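Structure first, then comments.
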Amino acid sequence: MSLIEKYTKKYGRAFAKQTIQAYMRKQKFNGIEDFMKKNPTMKDFEQNSHLLGIIRTHGYFILNEQEYQEIMEEIRKEEEERKKLQTDNIKTNMVNGHEIVTYTDQNTGEQITVDNTVSNRDIKDQMADVQKEHKQFQQENANNTLNVMNYMQDKIKITPDTVASNEVNMNLANNEEREIAIAAKAFEKEIGHHVDIDLNNKIIYDNGMIYSIEKRGEQYQVISQGHEKVEKQQKGPQLVKKPKPPQAA
């Protein structure tokens with residue numbers, strides 16, 4: 001094949017694909033599967049659209065059934081990629097015996113935190129199951145990952161039982177809870193803004209970062225869970241960075 005023929009095939013095929021996709025949008029097909037029900041072959045596509053003449057006018061004379069099917073497969077793979085769950089922004093921390101999962105949406109910045117302790121399965125596998133079971137999470141160009149996490153938070157997972165640090169009742173009858181609350185309030189002053197506190201499980205949530213409240217010696221201290229120490233703004237409890245557990249040889 002000559003260089004000119006290779007060029008014609010490459011860009012002619014790209015034009016053919018773009019023309020088919022434009023037709024799909026104009027006719028409001030609900031994805032490639034919907035399109036293929038009415039256009040399973042190139043002959044069907046031509047009868048329904050009358051676009052082969054335009055495609056061939058722009059240099060793609062050799063479009064045949066095999067290449068039509070190859071283009072359909074390319075479109076299908078691209079569509080599946082756009083529907084995939086984006087799980088890179090999921091962080092998991094083990095805090096005081098709880099597996100805390102936090103998802104941060106890269107488009108909106110919205111954060112969702114759930115407790116995955118009661119399950120022995122990876123949260124990403126559970127999300128994939130939810131997407132397979134519900135068509136509303138299989139839409140192209142929809143924020144499927146955020147929608148799935150919202151569903152899991154509402155229907156499946158435990159949402160941490162927290163209270164804002166500025167709303168903590170310091171007149172707690174339970175001495176331990178009062179000490180925990182004092183440590184959390186001091187931490188709030190240290191970093192300069194409110195945080196969410198789970199008093200029962202001794203966990204602090206701060207914009208996607210997780211801290212545990214642990215007794216060290218005679219007092220409770222706020223322990224960082226694998227992220228950098230925050231800058232100290234006011235006097236408060238010493239923030240201790242928890243060392244990572246040694247890896248098995």
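Each chain in the structure tokens gets a letter, A, B and so on, in the order shown; residues start at 1 in every chain, and ligands are counted from 1 in the order they appear.
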
**OP:** Skip Lys83 in chain A itself and residues of its chain fewer than 5 positions away, then list as a list in words all residues within 12 Å of it, counting only C-alpha atoms.
**Re:**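 My reading of the contact set: Gly31, Arg76, Lys77, Glu78, Ala128, Gln131, Lys132, Lys135, Gln136, Phe137, Gln138, Gln139, Glu140, Asn141, Ala142, Asn143, Asn144, Thr145, Leu146, Asn147 and Val148 of chain A.
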
Can you list every residue in range 132-218 of chain A that DSSP puts in strand (DSSP E), as a PDB file with N, CA and C atoms, in the first residue's frame?
ATOM      1  N   VAL A 163     -20.395  14.396  64.681  1.00  0.00           N
ATOM      2  CA  VAL A 163     -20.915  15.693  65.093  1.00  0.00           C
ATOM      3  C   VAL A 163     -19.822  16.719  64.813  1.00  0.00           C
ATOM      4  N   ALA A 164     -20.207  17.922  64.392  1.00  0.00           N
ATOM      5  CA  ALA A 164     -19.227  18.978  64.135  1.00  0.00           C
ATOM      6  C   ALA A 164     -18.564  19.377  65.450  1.00  0.00           C
ATOM      7  N   ASP A 196     -15.263  17.051  61.824  1.00  0.00           N
ATOM      8  CA  ASP A 196     -16.341  16.146  62.217  1.00  0.00           C
ATOM      9  C   ASP A 196     -15.759  15.050  63.101  1.00  0.00           C
ATOM     10  N   ILE A 197     -16.454  14.767  64.204  1.00  0.00           N
ATOM     11  CA  ILE A 197     -15.938  13.821  65.192  1.00  0.00           C
ATOM     12  C   ILE A 197     -16.915  12.672  65.394  1.00  0.00           C
ATOM     13  N   ASP A 198     -16.394  11.462  65.344  1.00  0.00           N
ATOM     14  CA  ASP A 198     -17.139  10.272  65.742  1.00  0.00           C
ATOM     15  C   ASP A 198     -16.656   9.920  67.145  1.00  0.00           C
ATOM     16  N   ILE A 203     -12.754   8.865  66.050  1.00  0.00           N
ATOM     17  CA  ILE A 203     -12.250   9.188  64.708  1.00  0.00           C
ATOM     18  C   ILE A 203     -12.612  10.626  64.370  1.00  0.00           C
ATOM     19  N   ILE A 204     -11.672  11.334  63.762  1.00  0.00           N
ATOM     20  CA  ILE A 204     -11.908  12.696  63.269  1.00  0.00           C
ATOM     21  C   ILE A 204     -11.849  12.676  61.745  1.00  0.00           C
ATOM     22  N   TYR A 205     -12.809  13.360  61.103  1.00  0.00           N
ATOM     23  CA  TYR A 205     -12.862  13.490  59.650  1.00  0.00           C
ATOM     24  C   TYR A 205     -12.653  14.964  59.294  1.00  0.00           C
ATOM     25  N   ASP A 206     -11.692  15.209  58.424  1.00  0.00           N
ATOM     26  CA  ASP A 206     -11.372  16.591  58.069  1.00  0.00           C
ATOM     27  C   ASP A 206     -11.081  16.695  56.572  1.00  0.00           C
ATOM     28  N   MET A 209      -9.296  13.817  55.048  1.00  0.00           N
ATOM     29  CA  MET A 209      -8.215  13.297  55.891  1.00  0.00           C
ATOM     30  C   MET A 209      -8.818  12.681  57.143  1.00  0.00           C
ATOM     31  N   ILE A 210      -8.208  11.611  57.600  1.00  0.00           N
ATOM     32  CA  ILE A 210      -8.728  10.853  58.724  1.00  0.00           C
ATOM     33  C   ILE A 210      -7.714  10.869  59.866  1.00  0.00           C
ATOM     34  N   TYR A 211      -8.209  11.058  61.087  1.00  0.00           N
ATOM     35  CA  TYR A 211      -7.368  11.026  62.278  1.00  0.00           C
ATOM     36  C   TYR A 211      -8.033  10.127  63.314  1.00  0.00           C
ATOM     37  N   SER A 212      -7.218   9.470  64.110  1.00  0.00           N
ATOM     38  CA  SER A 212      -7.746   8.731  65.254  1.00  0.00           C
ATOM     39  C   SER A 212      -7.408   9.517  66.523  1.00  0.00           C
ATOM     40  N   ILE A 213      -8.215   9.293  67.545  1.00  0.00           N
ATOM     41  CA  ILE A 213      -7.949   9.904  68.850  1.00  0.00           C
ATOM     42  C   ILE A 213      -7.560   8.759  69.780  1.00  0.00           C
ATOM     43  N   GLU A 214      -6.292   8.730  70.180  1.00  0.00           N
ATOM     44  CA  GLU A 214      -5.772   7.594  70.932  1.00  0.00           C
ATOM     45  C   GLU A 214      -5.161   8.071  72.249  1.00  0.00           C
ATOM     46  N   LYS A 215      -5.276   7.235  73.253  1.00  0.00           N
ATOM     47  CA  LYS A 215      -4.719   7.575  74.552  1.00  0.00           C
ATOM     48  C   LYS A 215      -3.239   7.235  74.579  1.00  0.00           C
ATOM     49  N   ARG A 216      -2.430   8.253  74.806  1.00  0.00           N
ATOM     50  CA  ARG A 216      -0.985   8.085  74.908  1.00  0.00           C
ATOM     51  C   ARG A 216      -0.561   8.564  76.298  1.00  0.00           C
TER      52      ARG A 216
END

Original post:
Got a sec: who's within 12 Å of Thr92 in chain A, counting only C-alpha atoms, leaving out chain neighbours fewer than 4 positions off, as a list in words?
Top reply: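 Final neighbour list, sorted by chain and number: Thr87, Asp88, His98, Glu99, Ile100, Val101, Thr102, Tyr103, Thr104, Ile112, Thr113, Val114, Asp115, Asn116, Thr117, Asp122, Ile123, Lys124, Gly208, Met209, Ile210, Gln225 and Gly226 of chain A.
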
Original post:
By how many Å are CA of His50 in chain A and CA of Glu81 in chain A apart?
Top reply: 29.3 Å

**OP:** Do a neighbour search on Met152 in chain A at 9 Å with only C-alpha atoms, toss out local chain neighbours closer than 3 positions, and write the hits as an MDAnalysis selection string.
**Re:** chainID A and resid 114 126:127 130 147:149 155:158

Store the residues of this selection in a file with all heavy atoms, as a PDB file, in the first residue's frame.
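Written out: out-v3.pdb:
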ATOM      1  N   VAL A 114     -17.660   6.420  53.845  1.00  0.00           N
ATOM      2  CA  VAL A 114     -18.461   5.307  54.352  1.00  0.00           C
ATOM      3  C   VAL A 114     -17.569   4.377  55.172  1.00  0.00           C
ATOM      4  O   VAL A 114     -16.350   4.385  55.041  1.00  0.00           O
ATOM      5  CB  VAL A 114     -19.129   4.502  53.211  1.00  0.00           C
ATOM      6  CG1 VAL A 114     -20.107   5.359  52.438  1.00  0.00           C
ATOM      7  CG2 VAL A 114     -18.083   3.909  52.273  1.00  0.00           C
ATOM      8  N   GLN A 126     -17.346  -3.995  45.159  1.00  0.00           N
ATOM      9  CA  GLN A 126     -18.743  -3.766  45.518  1.00  0.00           C
ATOM     10  C   GLN A 126     -19.366  -2.685  44.633  1.00  0.00           C
ATOM     11  O   GLN A 126     -20.524  -2.792  44.223  1.00  0.00           O
ATOM     12  CB  GLN A 126     -18.840  -3.364  46.985  1.00  0.00           C
ATOM     13  CG  GLN A 126     -18.366  -4.456  47.942  1.00  0.00           C
ATOM     14  CD  GLN A 126     -18.347  -3.983  49.372  1.00  0.00           C
ATOM     15  OE1 GLN A 126     -19.390  -3.676  49.941  1.00  0.00           O
ATOM     16  NE2 GLN A 126     -17.171  -3.914  49.969  1.00  0.00           N
ATOM     17  N   MET A 127     -18.602  -1.652  44.332  1.00  0.00           N
ATOM     18  CA  MET A 127     -19.086  -0.592  43.451  1.00  0.00           C
ATOM     19  C   MET A 127     -19.381  -1.141  42.058  1.00  0.00           C
ATOM     20  O   MET A 127     -20.382  -0.784  41.426  1.00  0.00           O
ATOM     21  CB  MET A 127     -18.052   0.534  43.368  1.00  0.00           C
ATOM     22  CG  MET A 127     -17.884   1.317  44.648  1.00  0.00           C
ATOM     23  SD  MET A 127     -16.500   2.487  44.560  1.00  0.00           S
ATOM     24  CE  MET A 127     -17.122   3.624  43.309  1.00  0.00           C
ATOM     25  N   VAL A 130     -22.671  -2.914  42.033  1.00  0.00           N
ATOM     26  CA  VAL A 130     -23.796  -1.976  42.043  1.00  0.00           C
ATOM     27  C   VAL A 130     -24.034  -1.423  40.641  1.00  0.00           C
ATOM     28  O   VAL A 130     -25.178  -1.322  40.183  1.00  0.00           O
ATOM     29  CB  VAL A 130     -23.536  -0.822  43.044  1.00  0.00           C
ATOM     30  CG1 VAL A 130     -24.574   0.294  42.863  1.00  0.00           C
ATOM     31  CG2 VAL A 130     -23.576  -1.346  44.469  1.00  0.00           C
ATOM     32  N   ASN A 147     -22.344   8.824  41.560  1.00  0.00           N
ATOM     33  CA  ASN A 147     -23.704   8.315  41.750  1.00  0.00           C
ATOM     34  C   ASN A 147     -23.709   6.968  42.472  1.00  0.00           C
ATOM     35  O   ASN A 147     -24.556   6.712  43.337  1.00  0.00           O
ATOM     36  CB  ASN A 147     -24.421   8.210  40.406  1.00  0.00           C
ATOM     37  CG  ASN A 147     -24.649   9.560  39.762  1.00  0.00           C
ATOM     38  OD1 ASN A 147     -24.731  10.571  40.460  1.00  0.00           O
ATOM     39  ND2 ASN A 147     -24.748   9.596  38.448  1.00  0.00           N
ATOM     40  N   VAL A 148     -22.776   6.099  42.113  1.00  0.00           N
ATOM     41  CA  VAL A 148     -22.675   4.798  42.780  1.00  0.00           C
ATOM     42  C   VAL A 148     -22.310   4.981  44.252  1.00  0.00           C
ATOM     43  O   VAL A 148     -22.885   4.340  45.140  1.00  0.00           O
ATOM     44  CB  VAL A 148     -21.639   3.894  42.073  1.00  0.00           C
ATOM     45  CG1 VAL A 148     -21.287   2.687  42.939  1.00  0.00           C
ATOM     46  CG2 VAL A 148     -22.189   3.409  40.739  1.00  0.00           C
ATOM     47  N   MET A 149     -21.359   5.864  44.535  1.00  0.00           N
ATOM     48  CA  MET A 149     -20.958   6.084  45.925  1.00  0.00           C
ATOM     49  C   MET A 149     -22.105   6.673  46.744  1.00  0.00           C
ATOM     50  O   MET A 149     -22.303   6.303  47.912  1.00  0.00           O
ATOM     51  CB  MET A 149     -19.741   6.999  45.983  1.00  0.00           C
ATOM     52  CG  MET A 149     -18.419   6.301  45.712  1.00  0.00           C
ATOM     53  SD  MET A 149     -18.049   4.947  46.864  1.00  0.00           S
ATOM     54  CE  MET A 149     -17.868   5.834  48.413  1.00  0.00           C
ATOM     55  N   LYS A 155     -27.874   3.386  50.719  1.00  0.00           N
ATOM     56  CA  LYS A 155     -28.585   2.102  50.720  1.00  0.00           C
ATOM     57  C   LYS A 155     -27.804   0.931  51.314  1.00  0.00           C
ATOM     58  O   LYS A 155     -28.414  -0.049  51.754  1.00  0.00           O
ATOM     59  CB  LYS A 155     -28.966   1.732  49.279  1.00  0.00           C
ATOM     60  CG  LYS A 155     -29.771   2.794  48.531  1.00  0.00           C
ATOM     61  CD  LYS A 155     -31.172   2.943  49.088  1.00  0.00           C
ATOM     62  CE  LYS A 155     -31.982   3.909  48.232  1.00  0.00           C
ATOM     63  NZ  LYS A 155     -33.350   4.110  48.762  1.00  0.00           N
ATOM     64  N   ILE A 156     -26.478   1.007  51.296  1.00  0.00           N
ATOM     65  CA  ILE A 156     -25.701  -0.189  51.608  1.00  0.00           C
ATOM     66  C   ILE A 156     -24.773  -0.006  52.800  1.00  0.00           C
ATOM     67  O   ILE A 156     -24.747  -0.823  53.724  1.00  0.00           O
ATOM     68  CB  ILE A 156     -24.864  -0.625  50.378  1.00  0.00           C
ATOM     69  CG1 ILE A 156     -25.792  -0.936  49.194  1.00  0.00           C
ATOM     70  CG2 ILE A 156     -23.996  -1.830  50.709  1.00  0.00           C
ATOM     71  CD1 ILE A 156     -25.061  -1.259  47.912  1.00  0.00           C
ATOM     72  N   LYS A 157     -24.017   1.078  52.789  1.00  0.00           N
ATOM     73  CA  LYS A 157     -22.958   1.243  53.776  1.00  0.00           C
ATOM     74  C   LYS A 157     -23.396   2.053  54.996  1.00  0.00           C
ATOM     75  O   LYS A 157     -24.402   2.754  54.973  1.00  0.00           O
ATOM     76  CB  LYS A 157     -21.738   1.928  53.136  1.00  0.00           C
ATOM     77  CG  LYS A 157     -21.052   1.054  52.088  1.00  0.00           C
ATOM     78  CD  LYS A 157     -20.546  -0.217  52.733  1.00  0.00           C
ATOM     79  CE  LYS A 157     -20.023  -1.192  51.707  1.00  0.00           C
ATOM     80  NZ  LYS A 157     -19.659  -2.474  52.301  1.00  0.00           N
ATOM     81  N   ILE A 158     -22.592   1.959  56.024  1.00  0.00           N
ATOM     82  CA  ILE A 158     -22.806   2.746  57.231  1.00  0.00           C
ATOM     83  C   ILE A 158     -22.129   4.095  57.048  1.00  0.00           C
ATOM     84  O   ILE A 158     -20.950   4.170  56.683  1.00  0.00           O
ATOM     85  CB  ILE A 158     -22.210   2.033  58.459  1.00  0.00           C
ATOM     86  CG1 ILE A 158     -22.892   0.680  58.668  1.00  0.00           C
ATOM     87  CG2 ILE A 158     -22.319   2.904  59.704  1.00  0.00           C
ATOM     88  CD1 ILE A 158     -22.220  -0.179  59.715  1.00  0.00           C
TER      89      ILE A 158
END

**OP:** Mind checking which residues fall within 9 Å of His194 in chain A, counting only C-alpha atoms, ignoring those fewer than 2 positions away in the same chain, and posting them as an NGL selection string?
**Re:** :A and (164-166 or 185 or 188-189 or 191-192 or 196 or 206)

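Atom pair CA of Asp161 in chain A / CA of Arg121 in chain A has a distance of 22.1 Å (rounded to one decimal).
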
**OP:** Run DSSP on the backbone and give me the residues of range 160-194 of chain A it puts in helix (DSSP H, G or I), as an NGL selection string.
**Re:** :A and (165-167 or 175-191)

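Among A:Val195, A:Asn200, A:Ala184, A:His58, the residue with the shortest atom-to-atom distance to Gln221 in chain A, counting only C-alpha atoms, is A:Ala184.
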